[in-house]
file final-v7.txt (compact mmCIF, C-alpha atoms)
# COMPACT_ATOMS: atom_id res chain seq x y z
CA MET J 1 32.80 27.68 133.99
CA THR J 2 33.24 23.99 134.79
CA PRO J 3 30.14 22.69 133.00
CA MET J 4 31.03 24.68 129.94
CA ILE J 5 34.54 23.21 129.89
CA ASP J 6 33.00 19.77 130.30
CA VAL J 7 30.75 20.27 127.34
CA VAL J 8 33.48 21.71 125.15
CA PHE J 9 35.75 18.85 126.08
CA LEU J 10 33.09 16.30 125.19
CA LEU J 11 32.52 18.00 121.86
CA ILE J 12 36.23 17.89 121.07
CA ILE J 13 36.36 14.19 121.89
CA PHE J 14 33.23 13.55 119.86
CA PHE J 15 34.71 15.13 116.76
CA LEU J 16 37.99 13.32 117.21
CA VAL J 17 36.18 10.00 117.49
CA SER J 18 33.95 10.62 114.50
CA SER J 19 36.87 11.70 112.33
CA HIS J 20 38.76 8.60 113.39
CA LEU J 21 35.86 6.38 112.44
CA ALA J 22 35.46 8.16 109.13
CA LYS J 23 39.11 7.42 108.38
CA GLN J 24 38.66 3.73 109.09
CA GLU J 25 35.86 3.44 106.59
CA THR J 26 38.08 4.27 103.67
CA ARG J 27 39.36 0.74 103.42
CA LEU J 28 37.63 -1.75 101.23
CA PRO J 29 36.82 -4.63 103.56
CA VAL J 30 38.60 -7.71 102.24
CA GLU J 31 39.68 -10.90 103.96
CA LEU J 32 43.44 -10.66 103.73
CA PRO J 33 45.61 -13.77 103.84
CA HIS J 34 47.63 -14.56 106.93
CA ALA J 35 51.43 -14.59 107.13
CA SER J 36 53.90 -14.84 109.97
CA THR J 37 56.88 -13.03 108.47
CA ALA J 38 55.14 -9.78 107.62
CA LEU J 39 56.66 -6.41 108.41
CA ASP J 40 55.09 -3.18 109.54
CA ASP J 41 54.14 -0.64 106.94
CA ASP J 42 57.11 1.27 105.64
CA LEU J 43 56.16 4.89 106.18
CA ASP J 44 58.86 6.22 103.85
CA VAL J 45 57.15 4.97 100.75
CA ALA J 46 53.69 5.86 99.57
CA PRO J 47 52.71 2.78 97.64
CA LEU J 48 50.00 2.59 95.05
CA THR J 49 47.42 0.29 96.57
CA VAL J 50 45.16 -1.87 94.46
CA ASN J 51 42.35 -3.74 96.21
CA VAL J 52 41.11 -7.03 94.86
CA ASP J 53 37.80 -8.18 96.25
CA ALA J 54 36.45 -11.72 96.57
CA GLN J 55 34.93 -11.54 93.07
CA SER J 56 38.40 -10.80 91.65
CA ARG J 57 37.47 -7.23 90.76
CA TRP J 58 40.23 -4.64 90.93
CA HIS J 59 39.69 -1.42 92.79
CA LEU J 60 41.93 1.60 92.66
CA ALA J 61 41.06 4.59 94.86
CA ALA J 62 37.68 3.08 95.74
CA ARG J 63 36.63 2.69 92.12
CA PRO J 64 36.53 -0.50 90.07
CA ILE J 65 39.19 -0.31 87.41
CA GLU J 66 40.01 -2.10 84.17
CA ILE J 67 43.38 -3.05 82.82
CA GLU J 68 43.72 -0.08 80.43
CA SER J 69 43.07 2.62 83.00
CA LEU J 70 45.22 0.69 85.44
CA ARG J 71 48.09 0.88 82.99
CA GLU J 72 47.66 4.67 82.82
CA ALA J 73 47.49 4.91 86.61
CA PHE J 74 50.69 2.91 86.95
CA LYS J 75 52.47 5.14 84.43
CA ASP J 76 51.28 8.30 86.19
CA TYR J 77 52.28 6.99 89.56
CA HIS J 78 55.67 5.79 88.35
CA THR J 79 56.62 9.17 86.90
CA ASN J 80 55.43 11.13 89.93
CA SER J 81 56.78 8.99 92.72
CA SER J 82 60.31 9.09 94.06
CA ARG J 83 60.19 5.55 95.42
CA PRO J 84 57.48 3.75 93.53
CA ALA J 85 55.99 0.74 95.23
CA PHE J 86 52.95 -1.31 94.57
CA ARG J 87 50.75 -2.73 97.30
CA ILE J 88 48.12 -5.39 96.79
CA ARG J 89 45.26 -5.89 99.21
CA THR J 90 43.66 -9.06 98.02
CA ASP J 91 41.00 -11.36 99.30
CA ARG J 92 42.48 -14.68 100.29
CA GLY J 93 40.23 -16.66 97.96
CA VAL J 94 41.25 -14.80 94.81
CA PRO J 95 43.07 -17.01 92.27
CA TYR J 96 46.52 -16.01 91.15
CA GLN J 97 45.31 -15.36 87.62
CA ALA J 98 43.55 -12.24 88.91
CA ILE J 99 46.76 -10.98 90.52
CA GLU J 100 49.22 -11.80 87.77
CA PRO J 101 48.03 -9.07 85.35
CA LEU J 102 48.52 -6.48 88.09
CA LEU J 103 52.08 -7.65 88.67
CA ARG J 104 52.70 -7.74 84.93
CA GLU J 105 51.58 -4.15 84.47
CA ALA J 106 53.64 -3.06 87.44
CA ALA J 107 56.72 -4.76 86.05
CA ARG J 108 56.07 -3.27 82.63
CA VAL J 109 56.27 0.31 83.90
CA GLY J 110 59.25 -0.62 86.05
CA ILE J 111 57.78 -0.96 89.52
CA THR J 112 59.42 -3.97 91.13
CA ASP J 113 58.85 -3.13 94.78
CA VAL J 114 55.71 -5.08 95.57
CA ARG J 115 53.99 -5.52 98.91
CA VAL J 116 51.17 -7.83 99.76
CA ALA J 117 48.93 -6.76 102.62
CA VAL J 118 48.38 -9.57 105.11
CA TYR J 119 47.17 -10.09 108.63
CA ALA J 120 49.86 -10.99 111.11
CA GLU J 121 49.92 -14.52 112.41
CA SER J 122 51.93 -15.57 115.44
CA SER J 123 53.09 -18.98 114.19
CA PRO J 124 53.42 -20.21 110.61
CA MET C 1 38.84 17.27 175.59
CA LYS C 2 36.56 17.82 172.79
CA ARG C 3 36.14 14.97 170.42
CA PRO C 4 36.01 15.94 166.77
CA THR C 5 32.50 15.48 165.67
CA VAL C 6 31.99 13.08 162.89
CA VAL C 7 30.26 14.91 160.17
CA ARG C 8 27.64 12.68 158.72
CA GLY C 9 26.05 13.18 155.38
CA SER C 10 27.25 15.33 152.62
CA SER C 11 31.05 15.42 152.94
CA LEU C 12 31.52 11.66 153.24
CA GLU C 13 29.18 10.76 150.47
CA VAL C 14 30.87 9.81 147.26
CA ALA C 15 30.09 12.44 144.73
CA MET C 16 28.56 10.36 141.97
CA THR C 17 28.27 12.88 139.17
CA PRO C 18 31.98 13.76 138.72
CA MET C 19 32.85 10.09 139.01
CA ILE C 20 30.39 9.20 136.29
CA ASP C 21 31.80 12.01 134.19
CA VAL C 22 35.31 10.69 134.55
CA VAL C 23 34.32 7.08 133.97
CA PHE C 24 32.41 8.13 130.90
CA LEU C 25 35.37 10.03 129.55
CA LEU C 26 37.64 7.05 130.17
CA LEU C 27 35.15 4.79 128.42
CA ILE C 28 35.04 7.03 125.38
CA PHE C 29 38.79 7.27 125.33
CA PHE C 30 39.30 3.52 125.32
CA VAL C 31 36.60 2.89 122.76
CA TRP C 32 38.28 5.46 120.58
CA THR C 33 41.80 4.11 120.87
CA SER C 34 40.88 0.47 120.47
CA SER C 35 40.53 -0.39 116.83
CA PHE C 36 38.25 -3.26 116.03
CA GLU C 37 40.12 -3.99 112.85
CA LEU C 38 43.07 -6.31 112.72
CA PRO C 39 46.25 -4.43 111.99
CA GLU C 40 47.46 -4.93 108.45
CA MET C 41 51.06 -5.83 107.75
CA ASP C 42 53.08 -5.87 104.56
CA LEU C 43 54.89 -8.77 102.96
CA PRO C 44 57.76 -7.33 100.93
CA SER C 45 58.05 -8.94 97.54
CA SER C 46 59.16 -8.37 94.03
CA ILE C 47 58.41 -9.55 90.53
CA ALA C 48 60.30 -12.08 88.46
CA ALA C 49 59.45 -12.13 84.80
CA ALA C 50 60.10 -15.13 82.65
CA LYS C 51 62.56 -14.43 79.87
CA SER C 52 60.88 -12.64 77.02
CA PRO C 53 61.93 -10.37 74.19
CA SER C 54 59.38 -7.70 75.12
CA GLY C 55 59.55 -7.93 78.90
CA GLY C 56 59.78 -4.86 81.11
CA SER C 57 62.99 -3.71 82.73
CA GLY C 58 66.01 -5.93 82.43
CA ALA C 59 66.57 -6.09 86.16
CA THR C 60 63.55 -8.26 86.70
CA ALA C 61 64.29 -10.78 83.98
CA LYS C 62 65.46 -14.06 85.42
CA SER C 63 66.69 -17.15 83.70
CA THR C 64 65.47 -20.47 84.99
CA THR C 65 68.29 -22.58 83.62
CA GLU C 66 71.05 -22.52 86.25
CA THR C 67 70.55 -24.59 89.35
CA PHE C 68 70.54 -22.78 92.69
CA ASP C 69 71.09 -19.48 91.00
CA GLU C 70 67.53 -19.26 92.06
CA ILE C 71 64.94 -21.46 93.65
CA VAL C 72 61.72 -21.87 91.74
CA ILE C 73 58.74 -23.13 93.68
CA THR C 74 55.72 -23.93 91.56
CA ILE C 75 52.31 -24.36 93.09
CA ALA C 76 49.70 -26.44 91.31
CA GLN C 77 46.10 -26.95 92.26
CA ALA C 78 45.42 -30.63 92.89
CA GLY C 79 42.02 -31.71 94.08
CA GLY C 80 41.29 -29.93 97.31
CA GLY C 81 44.89 -29.07 98.11
CA ILE C 82 48.02 -27.80 96.47
CA GLU C 83 51.00 -29.56 94.97
CA LEU C 84 54.42 -28.06 95.42
CA GLN C 85 57.49 -28.42 93.25
CA PHE C 86 60.92 -27.26 94.31
CA ASN C 87 63.06 -26.75 91.20
CA GLN C 88 60.91 -29.28 89.37
CA GLN C 89 61.06 -31.87 92.14
CA PRO C 90 57.82 -32.63 93.97
CA VAL C 91 57.67 -31.65 97.62
CA ALA C 92 55.22 -33.28 100.01
CA ASP C 93 54.18 -30.36 102.19
CA LEU C 94 55.09 -26.95 103.51
CA SER C 95 57.32 -28.14 106.35
CA SER C 96 59.51 -30.23 104.04
CA LEU C 97 59.63 -27.24 101.70
CA ARG C 98 60.90 -25.13 104.56
CA THR C 99 63.57 -27.74 105.35
CA LEU C 100 64.66 -27.79 101.70
CA VAL C 101 64.89 -24.01 101.44
CA SER C 102 66.77 -23.65 104.70
CA GLU C 103 69.19 -26.39 103.64
CA VAL C 104 69.99 -24.50 100.46
CA LEU C 105 70.42 -21.29 102.43
CA ARG C 106 72.72 -23.06 104.86
CA LEU C 107 75.21 -23.50 101.99
CA GLY C 108 75.87 -19.80 102.36
CA VAL C 109 74.20 -18.65 99.19
CA GLN C 110 71.17 -16.40 99.14
CA PRO C 111 69.42 -17.23 95.90
CA PRO C 112 66.19 -15.46 95.05
CA VAL C 113 63.17 -17.64 95.64
CA VAL C 114 60.64 -17.41 92.84
CA ILE C 115 57.08 -18.43 93.64
CA ASP C 116 55.20 -19.51 90.55
CA PRO C 117 51.58 -20.36 91.32
CA GLU C 118 49.32 -21.79 88.65
CA PRO C 119 46.46 -19.49 87.59
CA GLN C 120 43.85 -21.31 89.67
CA VAL C 121 45.82 -21.33 92.91
CA SER C 122 44.25 -19.05 95.50
CA MET C 123 46.24 -16.19 96.96
CA GLU C 124 45.90 -17.71 100.40
CA ASP C 125 47.90 -20.77 99.33
CA ALA C 126 50.37 -18.64 97.39
CA ILE C 127 50.95 -16.42 100.43
CA LYS C 128 51.35 -19.51 102.61
CA VAL C 129 54.17 -20.79 100.41
CA PHE C 130 55.63 -17.28 100.22
CA ASP C 131 55.54 -17.05 104.00
CA THR C 132 57.16 -20.47 104.37
CA ALA C 133 60.04 -19.44 102.13
CA ARG C 134 60.52 -16.23 104.11
CA SER C 135 60.36 -18.01 107.44
CA ALA C 136 63.05 -20.42 106.18
CA GLY C 137 65.28 -17.36 105.94
CA ALA C 138 65.07 -16.34 102.30
CA ASP C 139 65.61 -12.61 101.81
CA ARG C 140 64.32 -12.21 98.33
CA VAL C 141 61.08 -13.94 97.53
CA LEU C 142 59.52 -13.01 94.22
CA PHE C 143 56.31 -13.69 92.37
CA ALA C 144 56.68 -15.08 88.88
CA ILE C 145 54.77 -13.54 86.01
CA ASP C 146 54.35 -14.60 82.47
CA PRO C 147 55.23 -11.52 80.43
CA SER C 148 53.13 -12.38 77.42
call {"tool": "encode", "arguments": {"input": "final-v7.txt", "output": "structure tokens"}}
result
Amino acid sequence: MTPMIDVVFLLIIFFLVSSHLAKQETRLPVELPHASTALDDDLDVAPLTVNVDAQSRWHLAARPIEIESLREAFKDYHTNSSRPAFRIRTDRGVPYQAIEPLLREAARVGITDVRVAVYAESSP
Amino acid sequence: MKRPTVVRGSSLEVAMTPMIDVVFLLLIFFVWTSSFELPEMDLPSSIAAAKSPSGGSGATAKSTTETFDEIVITIAQAGGGIELQFNQQPVADLSSLRTLVSEVLRLGVQPPVVIDPEPQVSMEDAIKVFDTARSAGADRVLFAIDPS
């Protein structure tokens, strides 16, 4: 009995670990900026996250996206969400001109709750 | 009186295999729970649109005319660094910007702080200024957009 339980237990742990690692891979790796006054994620809202990589390309749901389809996505999201919010994960080297169109489209459909993903920093 | 015989061998030996099992399980557990990624946090923000006839919802439209109804911080790229302006007055660096913002807030008003970076300014610098304004105590820090 005991060896069997051991093996089963190891298998359970193995699948838990692999599923955990698979979850972590869903994020586009970008070098976020640092900020000291950041807050924890608000779990009550499900924000629409747009990733901006170091080459200033926009990604929505793991796919590169252009401004027209982004506009559609914003509209869809805004009508279907009870508390619409918009979250930007941007590389720290990206110029503001790559971010401004995103904010403009968000404001145009009426999303004003914006979050910027950052790494925490102990002192400013 | 009979002395209890010391049993040598098997019973005093540390059983290695269960110990290795347990250590191995502990190892896996800690590797699993430790995440090698830095935790990501959120900076709450909002959008301030410059006045425009076509602009989005009215709630985001801000006028830039009244003083201290809002604080506008513009960021310009200058050489290797950035140049800051606080309501059109140049500010030397981030710490004097923080002093300025906290002095305004000490008057008891809580004006929205609008961050207006020039197109070439990197997000790292923009977030730094944003963070400075928030650490000075400003509740509402917004990013400016040009609605055209």
call {"tool": "interface_residues", "arguments": {"input": "final-v7.txt", "of": "chain J", "to": "chain C", "cutoff": "9 Å", "atoms": "all atoms listed in the file", "output": "mmCIF file with C-alpha atoms, in the frame of the given file"}}
result
data_model
loop_
_atom_site.group_PDB
_atom_site.id
_atom_site.type_symbol
_atom_site.label_atom_id
_atom_site.label_comp_id
_atom_site.auth_asym_id
_atom_site.auth_seq_id
_atom_site.Cartn_x
_atom_site.Cartn_y
_atom_site.Cartn_z
ATOM 1 C CA ASP J 6 33.000 19.770 130.300
ATOM 2 C CA LEU J 10 33.090 16.300 125.190
ATOM 3 C CA ILE J 13 36.360 14.190 121.890
ATOM 4 C CA PHE J 14 33.230 13.550 119.860
ATOM 5 C CA LEU J 16 37.990 13.320 117.210
ATOM 6 C CA VAL J 17 36.180 10.000 117.490
ATOM 7 C CA HIS J 20 38.760 8.600 113.390
ATOM 8 C CA LEU J 21 35.860 6.380 112.440
ATOM 9 C CA GLN J 24 38.660 3.730 109.090
ATOM 10 C CA LEU J 32 43.440 -10.660 103.730
ATOM 11 C CA PRO J 33 45.610 -13.770 103.840
ATOM 12 C CA HIS J 34 47.630 -14.560 106.930
ATOM 13 C CA ALA J 35 51.430 -14.590 107.130
ATOM 14 C CA SER J 36 53.900 -14.840 109.970
ATOM 15 C CA THR J 37 56.880 -13.030 108.470
ATOM 16 C CA ALA J 38 55.140 -9.780 107.620
ATOM 17 C CA LEU J 39 56.660 -6.410 108.410
ATOM 18 C CA ASP J 40 55.090 -3.180 109.540
ATOM 19 C CA ASP J 41 54.140 -0.640 106.940
ATOM 20 C CA ASP J 42 57.110 1.270 105.640
ATOM 21 C CA ARG J 87 50.750 -2.730 97.300
ATOM 22 C CA THR J 90 43.660 -9.060 98.020
ATOM 23 C CA ASP J 91 41.000 -11.360 99.300
ATOM 24 C CA ARG J 92 42.480 -14.680 100.290
ATOM 25 C CA GLY J 93 40.230 -16.660 97.960
ATOM 26 C CA VAL J 94 41.250 -14.800 94.810
ATOM 27 C CA PRO J 95 43.070 -17.010 92.270
ATOM 28 C CA TYR J 96 46.520 -16.010 91.150
ATOM 29 C CA GLN J 97 45.310 -15.360 87.620
ATOM 30 C CA ALA J 98 43.550 -12.240 88.910
ATOM 31 C CA ILE J 99 46.760 -10.980 90.520
ATOM 32 C CA GLU J 100 49.220 -11.800 87.770
ATOM 33 C CA PRO J 101 48.030 -9.070 85.350
ATOM 34 C CA LEU J 103 52.080 -7.650 88.670
ATOM 35 C CA ARG J 104 52.700 -7.740 84.930
ATOM 36 C CA GLU J 105 51.580 -4.150 84.470
ATOM 37 C CA ALA J 106 53.640 -3.060 87.440
ATOM 38 C CA ALA J 107 56.720 -4.760 86.050
ATOM 39 C CA ARG J 108 56.070 -3.270 82.630
ATOM 40 C CA VAL J 109 56.270 0.310 83.900
ATOM 41 C CA GLY J 110 59.250 -0.620 86.050
ATOM 42 C CA ILE J 111 57.780 -0.960 89.520
ATOM 43 C CA THR J 112 59.420 -3.970 91.130
ATOM 44 C CA ASP J 113 58.850 -3.130 94.780
ATOM 45 C CA VAL J 114 55.710 -5.080 95.570
ATOM 46 C CA ARG J 115 53.990 -5.520 98.910
ATOM 47 C CA VAL J 116 51.170 -7.830 99.760
ATOM 48 C CA ALA J 117 48.930 -6.760 102.620
ATOM 49 C CA VAL J 118 48.380 -9.570 105.110
ATOM 50 C CA TYR J 119 47.170 -10.090 108.630
ATOM 51 C CA ALA J 120 49.860 -10.990 111.110
ATOM 52 C CA PRO J 124 53.420 -20.210 110.610
#
call {"tool": "atom_distance", "arguments": {"input": "final-v7.txt", "atom1": "CA of Met19 (chain C)", "atom2": "CA of Phe9 (chain J)"}}
result
15.9 Å
call {"tool": "atom_distance", "arguments": {"input": "final-v7.txt", "atom1": "CA of Phe74 (chain J)", "atom2": "CA of Ile73 (chain C)"}}
result
28.1 Å
call {"tool": "atom_distance", "arguments": {"input": "final-v7.txt", "atom1": "CA of Pro47 (chain J)", "atom2": "CA of Asn80 (chain J)"}}
result
11.7 Å
call {"tool": "residues_around", "arguments": {"input": "final-v7.txt", "residues": "Ala61 (chain J)", "least_positions_apart": "3", "cutoff": "12 Å", "atoms": "only C-alpha atoms", "output": "list in words"}}
result
Thr26, Arg27, Leu28, Leu48, Thr49, Val50, Asn51, Val52, Trp58, Pro64, Ile65, Leu70 and Ala73 of chain J
call {"tool": "residues_around", "arguments": {"input": "final-v7.txt", "residues": "Glu70 (chain C)", "least_positions_apart": "3", "cutoff": "6 Å", "atoms": "all atoms listed in the file", "output": "PyMOL selection string"}}
result
chain C and resi 111-113
call {"tool": "write_last_selection", "arguments": {"input": "final-v7.txt", "atoms": "C-alpha atoms", "output": "PDB file, keeping the file's coordinate frame"}}
result
ATOM      1  CA  PRO C 111      69.420 -17.230  95.900  1.00  0.00           C
ATOM      2  CA  PRO C 112      66.190 -15.460  95.050  1.00  0.00           C
ATOM      3  CA  VAL C 113      63.170 -17.640  95.640  1.00  0.00           C
TER       4      VAL C 113
END
call {"tool": "closest_residue", "arguments": {"input": "final-v7.txt", "among": "C:Pro90, C:Val72, C:Val114, C:Ala138", "to": "Ser102 (chain C)", "atoms": "all atoms listed in the file"}}
result
C:Ala138
call {"tool": "closest_residue", "arguments": {"input": "final-v7.txt", "among": "J:Ala46, J:Phe15, J:Met1, J:Glu72", "to": "Ala85 (chain J)", "atoms": "only C-alpha atoms"}}
result
J:Ala46
call {"tool": "decode", "arguments": {"input": "final-v7.txt", "residues": "region 29-96 of chain J", "atoms": "C-alpha atoms", "output": "mmCIF file, in the first residue's frame"}}
result
data_model
loop_
_atom_site.group_PDB
_atom_site.id
_atom_site.type_symbol
_atom_site.label_atom_id
_atom_site.label_comp_id
_atom_site.auth_asym_id
_atom_site.auth_seq_id
_atom_site.Cartn_x
_atom_site.Cartn_y
_atom_site.Cartn_z
ATOM 1 C CA PRO J 29 7.715 38.675 -20.770
ATOM 2 C CA VAL J 30 8.226 42.431 -20.652
ATOM 3 C CA GLU J 31 10.450 44.577 -18.475
ATOM 4 C CA LEU J 32 7.908 46.531 -16.478
ATOM 5 C CA PRO J 33 8.779 49.903 -14.973
ATOM 6 C CA HIS J 34 9.323 50.232 -11.251
ATOM 7 C CA ALA J 35 7.119 52.213 -8.866
ATOM 8 C CA SER J 36 6.916 52.498 -5.114
ATOM 9 C CA THR J 37 3.268 53.444 -4.674
ATOM 10 C CA ALA J 38 1.744 50.517 -6.532
ATOM 11 C CA LEU J 39 -1.182 48.556 -5.165
ATOM 12 C CA ASP J 40 -2.004 44.891 -5.317
ATOM 13 C CA ASP J 41 -4.205 43.657 -8.109
ATOM 14 C CA ASP J 42 -7.839 44.435 -7.518
ATOM 15 C CA LEU J 43 -9.544 41.069 -7.800
ATOM 16 C CA ASP J 44 -13.017 42.567 -8.178
ATOM 17 C CA VAL J 45 -12.359 43.886 -11.634
ATOM 18 C CA ALA J 46 -11.337 41.887 -14.648
ATOM 19 C CA PRO J 47 -9.384 44.418 -16.642
ATOM 20 C CA LEU J 48 -8.639 44.208 -20.312
ATOM 21 C CA THR J 49 -4.884 43.836 -20.480
ATOM 22 C CA VAL J 50 -2.856 45.086 -23.404
ATOM 23 C CA ASN J 51 0.824 44.172 -23.539
ATOM 24 C CA VAL J 52 3.306 46.472 -25.196
ATOM 25 C CA ASP J 53 6.654 44.921 -25.951
ATOM 26 C CA ALA J 54 10.042 46.619 -26.311
ATOM 27 C CA GLN J 55 9.454 47.178 -30.038
ATOM 28 C CA SER J 56 6.274 49.123 -29.196
ATOM 29 C CA ARG J 57 4.023 46.419 -30.635
ATOM 30 C CA TRP J 58 0.640 45.959 -29.006
ATOM 31 C CA HIS J 59 -0.512 42.531 -27.973
ATOM 32 C CA LEU J 60 -4.002 41.603 -26.914
ATOM 33 C CA ALA J 61 -4.659 38.033 -25.781
ATOM 34 C CA ALA J 62 -1.220 36.920 -26.970
ATOM 35 C CA ARG J 63 -1.748 38.201 -30.504
ATOM 36 C CA PRO J 64 -0.309 41.339 -32.067
ATOM 37 C CA ILE J 65 -3.110 43.776 -32.676
ATOM 38 C CA GLU J 66 -3.660 46.909 -34.736
ATOM 39 C CA ILE J 67 -5.588 49.996 -33.819
ATOM 40 C CA GLU J 68 -8.790 49.062 -35.703
ATOM 41 C CA SER J 69 -9.235 45.648 -34.130
ATOM 42 C CA LEU J 70 -8.245 47.152 -30.796
ATOM 43 C CA ARG J 71 -11.091 49.614 -31.113
ATOM 44 C CA GLU J 72 -13.503 46.709 -31.691
ATOM 45 C CA ALA J 73 -12.066 44.815 -28.731
ATOM 46 C CA PHE J 74 -12.490 47.843 -26.491
ATOM 47 C CA LYS J 75 -16.101 48.271 -27.596
ATOM 48 C CA ASP J 76 -16.858 44.586 -27.016
ATOM 49 C CA TYR J 77 -15.228 44.621 -23.640
ATOM 50 C CA HIS J 78 -16.937 47.837 -22.583
ATOM 51 C CA THR J 79 -20.421 46.526 -23.369
ATOM 52 C CA ASN J 80 -19.841 43.159 -21.700
ATOM 53 C CA SER J 81 -18.086 44.232 -18.546
ATOM 54 C CA SER J 82 -19.765 45.487 -15.403
ATOM 55 C CA ARG J 83 -16.717 47.399 -14.197
ATOM 56 C CA PRO J 84 -14.583 48.061 -17.232
ATOM 57 C CA ALA J 85 -10.926 48.702 -16.578
ATOM 58 C CA PHE J 86 -7.930 48.829 -18.792
ATOM 59 C CA ARG J 87 -4.533 47.494 -17.795
ATOM 60 C CA ILE J 88 -1.313 48.222 -19.621
ATOM 61 C CA ARG J 89 1.729 46.008 -19.307
ATOM 62 C CA THR J 90 4.408 47.948 -21.052
ATOM 63 C CA ASP J 91 8.117 47.626 -21.459
ATOM 64 C CA ARG J 92 9.897 50.405 -19.633
ATOM 65 C CA GLY J 93 11.700 51.635 -22.741
ATOM 66 C CA VAL J 94 8.553 52.192 -24.791
ATOM 67 C CA PRO J 95 7.964 55.863 -25.675
ATOM 68 C CA TYR J 96 4.729 57.488 -24.617
#
